[in-house]
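Remarks on the structure that follows.
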Amino acid sequence: MAVTILIPTPLRPFVGGRDAVQLEGGSVGELLDRLTGEHAPLRPHLFADDGRLRSFVNVYVNDRDIRQLAQRDTPVKAGDTVSIIPSIAGGTAVADVLPHLSHEEILRYSRHLILPDVGLEGQKKLKAARVLLVGAGGLGSPAALYLTAAGVGTIGLVDFDVVDKTNLQRQILHGTSTVGTGKLESAAARIHDLNPNVRVEPFETRLTSENALDIIRDFDVVADGTDNFPTRYLVNDACVLLDKPNVYGSIFRFEGQASVFHARRGPCYRCLYSEPPPPGLVPSCAEGGVLGVLPGIIGSIQAMETIKLILGVGEPLIGRLVLFDALKLQFRELRLEKDPDCPVCGRHPTITALIDYEAFCGIGAEPSYEGAEISAEQLKDEWHLNPELLVFDVRHPHEHAIAHIEGARLIPLSELPDRLGELDGHREIVTHCHHGARSLKALEILKAAGFPKVRSLRGGIDAWAVNVDRSLPRY
Ligand SMILES: [Zn+2]
């Protein structure tokens, strides 16, 4: 069995269009000599005149950068994978092999071509570029649309969700006609309609520690539009290990954040937040809500920064964190320092391979609620037989105004600890919320306070609306 050498897109024309070459050899230097011996035109792209590896070309053995190993003398064995990773900043590595533009593309991109900082060469860099969007949701939507319109040649999309009606308030990549279809299928159709020159590479999967390096490796820039902490740390660490710029954005209610993490040139996400908040402390957009236009602003900043990185123009958002407050319409900027003790990009990294991010974020270690939950149908039956059953709603009053279960009493979760005295401990109690997460927290509070007979409505009022009372609106 030989060693597999993965060839990046810009260099494929020099090895007969192949994306991988199998060769035998004992060290990285030996393999690269053999590779450039068989494919002579490749040599000037990898090596400078003095025979040294060009500074904008990085070589990895499996997941490790040879600069952290023994450089050219790094040993390889059968079954190993060697990756050649040209740097994209400024497009230096791809400059020799930029693609041509058709007449149609020249017309389409004319407003770019007459901009001195983009021009023909910049537009060709955009066409040669490969950008990976993690998530085709709120942030991924505007990012994908603007990158598509701008002529980024290849857009990779990672998502495994189905378009839901509640997405359409902000996820402008999708439409009413694609509700119920996969987000990737919906996105690809919209992208193709906007700009048929763009190639979409879909990854219909959850990004995991097992697949992240393989997926991210082939892209020049990653734009992170995820809405959960495990994936955000996973994207960060994978980008640090592969030396990829990670264009970060996040949103909540009326506030957004953006930055560019590129460990070689500045801090990473872990330098900013070395540890995630405990599960449940920061509500998701599904729980906390988000203003529809906000992801449009933050996702557009991500698209803008991505394009600047590809073109090598301007000052990237590296080492800076932009905070946006929509209610005040105010941008603030914080300077971010690289943490010398950062576990992944610091001087002595302790994280040198991808870890279990669910465990790292404290997910999966939650207590089991077996027997503590009740289904909507079961609640209906029990309530009918036992009208003494006390059902109470722990949502916010403004949610109660959208829809409520007749006969259920409202005590918002935040007020519950102070209002325990209003509850009769001798009665059986069922807590409910929107989807069933907050009512479990209420259940814990009641249990801790000594209430013996408490259960939580599984799936919340949403399950009630689907299975018991179809006259209720869902939200
Ligand atoms: Zn770091």
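Just so we're on the same page: first chain in the structure tokens is A, next is B, and so on; residues restart at 1 for each chain, and ligands are numbered from 1 in the order they show up.
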
How would you write, as an MDAnalysis selection string, the set of residues no farther than 7 Å from ligand 1 when counting only C-alpha atoms and all ligand atoms? chainID A and resid 263 267:271 338:339 342:346

Selected residue, from A:Asp325, A:Leu213, A:Asn236, A:Asn197, that lies nearest to Ile251 of chain A when counting only C-alpha atoms
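Closest to Ile251 of chain A of all the choices is A:Asp325.
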
If you measure from atom CA of Asp63 of chain A to atom CA of Leu317 of chain A, what distance in Å do you get, rounded to one decimal?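 Distance between the two atoms: 26.6 Å.
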
Between atom CA of Leu321 of chain A and atom CA of Cys239 of chain A lies a distance of 17.9 Å

Q: Pick out each residue of segment 15-237 of chain A that DSSP on the backbone tags as strand (DSSP E); I need them as a count of residues only.
A: 36

Exercise. Give me the residues within 12 Å of Glu415 of chain A as an NGL selection string, counting only C-alpha atoms and dropping any in the same chain fewer than 3 places off.
Key: :A and (393-397 or 410-412 or 418-422 or 442 or 445)

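The space between atom CA of Pro295 of chain A and atom CA of Leu139 of chain A spans 5.1 Å.
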
Selection near Tyr475 of chain A, 9 Å with only C-alpha atoms, sequence-local residues under 3 positions removed, as a PyMOL selection string: chain A and resi 166+402-403+434+462

TODO: Write out as an MDAnalysis selection string which residues come within 10 Å of Ile297 of chain A when counting only C-alpha atoms, dropping same-chain ones fewer than 2 positions away.
DONE: chainID A and resid 139 142:143 249 251 256 292:295 299:303 324 326

Next, write the just-selected residues to a file, as an mmCIF file, in the first residue's frame, keeping C-alpha atoms as the atom set.
```
data_model
loop_
_atom_site.group_PDB
_atom_site.id
_atom_site.type_symbol
_atom_site.label_atom_id
_atom_site.label_comp_id
_atom_site.auth_asym_id
_atom_site.auth_seq_id
_atom_site.Cartn_x
_atom_site.Cartn_y
_atom_site.Cartn_z
ATOM 1 C CA LEU A 139 -26.111 33.493 8.426
ATOM 2 C CA PRO A 142 -26.983 36.018 2.886
ATOM 3 C CA ALA A 143 -23.388 34.789 2.788
ATOM 4 C CA GLY A 249 -20.491 35.271 12.816
ATOM 5 C CA ILE A 251 -26.450 36.288 16.331
ATOM 6 C CA GLY A 256 -24.507 40.065 16.503
ATOM 7 C CA GLY A 292 -35.177 38.755 10.894
ATOM 8 C CA VAL A 293 -32.785 41.276 9.370
ATOM 9 C CA LEU A 294 -29.957 40.717 11.856
ATOM 10 C CA PRO A 295 -28.495 37.592 10.206
ATOM 11 C CA GLY A 299 -23.923 37.128 7.252
ATOM 12 C CA SER A 300 -23.169 39.930 4.780
ATOM 13 C CA ILE A 301 -20.164 40.965 6.885
ATOM 14 C CA GLN A 302 -18.987 37.360 6.688
ATOM 15 C CA ALA A 303 -19.376 37.399 2.892
ATOM 16 C CA PHE A 324 -23.448 44.957 16.464
ATOM 17 C CA ALA A 326 -29.458 46.459 16.099
#
```

Of the residues A:Val260, A:Leu234, A:Leu42, A:Leu184, which is the one nearest to Cys361 of chain A, using only C-alpha atoms?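 So, comparing all the options, the nearest one is A:Leu234.
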
Subject >> Closest of A:Leu440, A:Leu379, A:Leu147, A:Leu457 to Glu305 of chain A - atom-to-atom distances counting only C-alpha atoms >> reply: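 Checking each of A:Leu440, A:Leu379, A:Leu147, A:Leu457 against Glu305 of chain A, counting only C-alpha atoms, the winner is A:Leu147.
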
Neighbour list for Gly407 of chain A as a list in words, cut-off 12 Å, only C-alpha atoms, skip fewer than 3 positions in-chain:
Lys380, Trp383, His384, Pro387, Glu388, Leu389, Leu390, Val391, Phe392, Asp393, His404 and Leu410 of chain A

Could you save the residues just selected, with N, CA and C atoms, as a tab-separated table (two decimals), in the first residue's frame?
```tsv
chain	number	residue	atom	x	y	z
A	380	LYS	N	-53.93	14.75	28.03
A	380	LYS	CA	-55.35	15.01	27.73
A	380	LYS	C	-56.24	13.99	28.47
A	383	TRP	N	-55.97	14.38	32.39
A	383	TRP	CA	-56.59	15.64	32.84
A	383	TRP	C	-58.12	15.48	32.84
A	384	HIS	N	-58.59	14.72	31.83
A	384	HIS	CA	-60.02	14.48	31.72
A	384	HIS	C	-60.52	13.69	32.93
A	387	PRO	N	-59.58	16.24	37.01
A	387	PRO	CA	-59.59	17.70	36.78
A	387	PRO	C	-58.77	18.46	37.82
A	388	GLU	N	-58.38	17.78	38.90
A	388	GLU	CA	-57.55	18.40	39.93
A	388	GLU	C	-56.10	18.58	39.47
A	389	LEU	N	-55.77	17.90	38.40
A	389	LEU	CA	-54.40	17.99	37.86
A	389	LEU	C	-54.07	19.46	37.59
A	390	LEU	N	-52.89	19.88	38.07
A	390	LEU	CA	-52.51	21.28	37.91
A	390	LEU	C	-51.53	21.40	36.74
A	391	VAL	N	-51.98	22.03	35.66
A	391	VAL	CA	-51.11	22.22	34.50
A	391	VAL	C	-50.67	23.66	34.52
A	392	PHE	N	-49.37	23.90	34.50
A	392	PHE	CA	-48.96	25.30	34.40
A	392	PHE	C	-47.86	25.54	33.38
A	393	ASP	N	-47.93	26.73	32.84
A	393	ASP	CA	-47.18	27.17	31.66
A	393	ASP	C	-46.03	28.04	32.15
A	404	HIS	N	-52.19	29.42	23.93
A	404	HIS	CA	-52.08	28.80	25.25
A	404	HIS	C	-53.07	27.66	25.39
A	410	LEU	N	-50.36	30.42	34.03
A	410	LEU	CA	-49.06	30.96	33.59
A	410	LEU	C	-48.22	31.39	34.79
```

_So that I can check the secondary structure, give me every residue of segment 6-151 of chain A assigned alpha helix (DSSP H) by backbone DSSP, as number ranges by chain._
A: 28-38, 43-46, 103-108, 110-113, 119-128, 140-150

What does the file look like for those residues with N, CA and C atoms, as a short mmCIF file (atom, residue, chain, number, x, y, z; two decimals), in the first residue's frame?
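File written: selection20.cif
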```
data_model
loop_
_atom_site.label_atom_id
_atom_site.label_comp_id
_atom_site.auth_asym_id
_atom_site.auth_seq_id
_atom_site.Cartn_x
_atom_site.Cartn_y
_atom_site.Cartn_z
N VAL A 28 8.49 12.76 3.60
CA VAL A 28 7.76 13.75 2.82
C VAL A 28 8.63 14.25 1.66
N GLY A 29 9.91 14.54 1.94
CA GLY A 29 10.82 15.03 0.90
C GLY A 29 10.93 14.05 -0.26
N GLU A 30 11.07 12.79 0.07
CA GLU A 30 11.20 11.76 -0.95
C GLU A 30 9.94 11.70 -1.83
N LEU A 31 8.79 11.79 -1.19
CA LEU A 31 7.52 11.73 -1.93
C LEU A 31 7.39 12.93 -2.87
N LEU A 32 7.71 14.12 -2.34
CA LEU A 32 7.53 15.32 -3.17
C LEU A 32 8.52 15.32 -4.33
N ASP A 33 9.74 14.83 -4.10
CA ASP A 33 10.71 14.72 -5.19
C ASP A 33 10.19 13.78 -6.26
N ARG A 34 9.63 12.66 -5.82
CA ARG A 34 9.10 11.69 -6.77
C ARG A 34 7.90 12.29 -7.53
N LEU A 35 7.05 13.01 -6.79
CA LEU A 35 5.86 13.61 -7.42
C LEU A 35 6.26 14.64 -8.48
N THR A 36 7.21 15.52 -8.14
CA THR A 36 7.60 16.55 -9.10
C THR A 36 8.51 15.97 -10.18
N GLY A 37 9.10 14.83 -9.90
CA GLY A 37 9.86 14.13 -10.95
C GLY A 37 8.92 13.60 -12.03
N GLU A 38 7.80 13.03 -11.58
CA GLU A 38 6.83 12.49 -12.54
C GLU A 38 6.02 13.60 -13.21
N ARG A 43 6.70 21.34 -10.29
CA ARG A 43 7.84 21.69 -9.43
C ARG A 43 7.93 23.19 -9.08
N PRO A 44 7.83 24.10 -10.05
CA PRO A 44 7.97 25.52 -9.70
C PRO A 44 6.85 26.03 -8.78
N HIS A 45 5.73 25.32 -8.75
CA HIS A 45 4.65 25.76 -7.87
C HIS A 45 4.88 25.33 -6.43
N LEU A 46 5.66 24.29 -6.25
CA LEU A 46 5.90 23.80 -4.89
C LEU A 46 7.23 24.29 -4.33
N HIS A 103 -17.22 35.54 -21.94
CA HIS A 103 -17.85 36.83 -22.23
C HIS A 103 -19.02 37.07 -21.28
N GLU A 104 -19.77 36.01 -21.01
CA GLU A 104 -20.92 36.15 -20.11
C GLU A 104 -20.47 36.59 -18.74
N GLU A 105 -19.38 36.00 -18.26
CA GLU A 105 -18.88 36.35 -16.92
C GLU A 105 -18.34 37.78 -16.90
N ILE A 106 -17.68 38.18 -17.98
CA ILE A 106 -17.15 39.54 -18.03
C ILE A 106 -18.29 40.56 -17.94
N LEU A 107 -19.38 40.28 -18.64
CA LEU A 107 -20.53 41.18 -18.58
C LEU A 107 -21.16 41.15 -17.19
N ARG A 108 -21.36 39.94 -16.67
CA ARG A 108 -22.00 39.76 -15.36
C ARG A 108 -21.23 40.49 -14.26
N SER A 110 -19.14 43.04 -14.52
CA SER A 110 -18.53 44.29 -15.00
C SER A 110 -18.31 45.31 -13.88
N ARG A 111 -19.24 45.35 -12.88
CA ARG A 111 -19.07 46.33 -11.80
C ARG A 111 -17.89 45.97 -10.89
N HIS A 112 -17.48 44.72 -10.90
CA HIS A 112 -16.26 44.32 -10.20
C HIS A 112 -15.04 44.65 -11.05
N LEU A 113 -15.16 44.38 -12.33
CA LEU A 113 -13.99 44.47 -13.22
C LEU A 113 -13.49 45.91 -13.33
N GLY A 119 -10.84 44.11 -10.36
CA GLY A 119 -10.30 43.98 -11.72
C GLY A 119 -10.39 42.55 -12.24
N LEU A 120 -9.80 42.34 -13.38
CA LEU A 120 -9.85 41.03 -14.02
C LEU A 120 -9.18 39.97 -13.17
N GLU A 121 -8.02 40.34 -12.63
CA GLU A 121 -7.28 39.36 -11.83
C GLU A 121 -8.04 38.98 -10.57
N GLY A 122 -8.61 39.98 -9.89
CA GLY A 122 -9.37 39.70 -8.68
C GLY A 122 -10.58 38.82 -8.98
N GLN A 123 -11.25 39.11 -10.07
CA GLN A 123 -12.42 38.31 -10.43
C GLN A 123 -12.02 36.87 -10.71
N LYS A 124 -10.86 36.70 -11.34
CA LYS A 124 -10.36 35.34 -11.59
C LYS A 124 -10.01 34.64 -10.28
N LYS A 125 -9.49 35.41 -9.30
CA LYS A 125 -9.21 34.81 -7.98
C LYS A 125 -10.50 34.33 -7.34
N LEU A 126 -11.55 35.16 -7.49
CA LEU A 126 -12.85 34.75 -6.93
C LEU A 126 -13.32 33.46 -7.60
N LYS A 127 -13.13 33.39 -8.91
CA LYS A 127 -13.59 32.20 -9.63
C LYS A 127 -12.79 30.97 -9.20
N ALA A 128 -11.51 31.17 -8.91
CA ALA A 128 -10.66 30.04 -8.50
C ALA A 128 -10.92 29.62 -7.05
N GLY A 140 -25.79 31.68 6.86
CA GLY A 140 -25.36 31.07 5.59
C GLY A 140 -26.14 31.60 4.40
N SER A 141 -27.41 32.01 4.64
CA SER A 141 -28.24 32.47 3.52
C SER A 141 -27.68 33.72 2.84
N PRO A 142 -27.53 34.83 3.57
CA PRO A 142 -26.98 36.02 2.89
C PRO A 142 -25.56 35.79 2.41
N ALA A 143 -24.77 35.04 3.20
CA ALA A 143 -23.39 34.79 2.79
C ALA A 143 -23.38 34.04 1.46
N ALA A 144 -24.19 33.00 1.35
CA ALA A 144 -24.22 32.21 0.12
C ALA A 144 -24.69 33.05 -1.06
N LEU A 145 -25.71 33.87 -0.84
CA LEU A 145 -26.25 34.67 -1.95
C LEU A 145 -25.22 35.69 -2.45
N TYR A 146 -24.57 36.39 -1.52
CA TYR A 146 -23.61 37.40 -1.96
C TYR A 146 -22.35 36.77 -2.56
N LEU A 147 -21.90 35.66 -1.99
CA LEU A 147 -20.71 35.02 -2.56
C LEU A 147 -21.01 34.46 -3.95
N THR A 148 -22.23 33.96 -4.11
CA THR A 148 -22.66 33.46 -5.42
C THR A 148 -22.72 34.60 -6.43
N ALA A 149 -23.37 35.68 -6.03
CA ALA A 149 -23.50 36.81 -6.94
C ALA A 149 -22.13 37.38 -7.30
N ALA A 150 -21.20 37.35 -6.33
CA ALA A 150 -19.87 37.93 -6.57
C ALA A 150 -19.00 37.03 -7.44
#
```
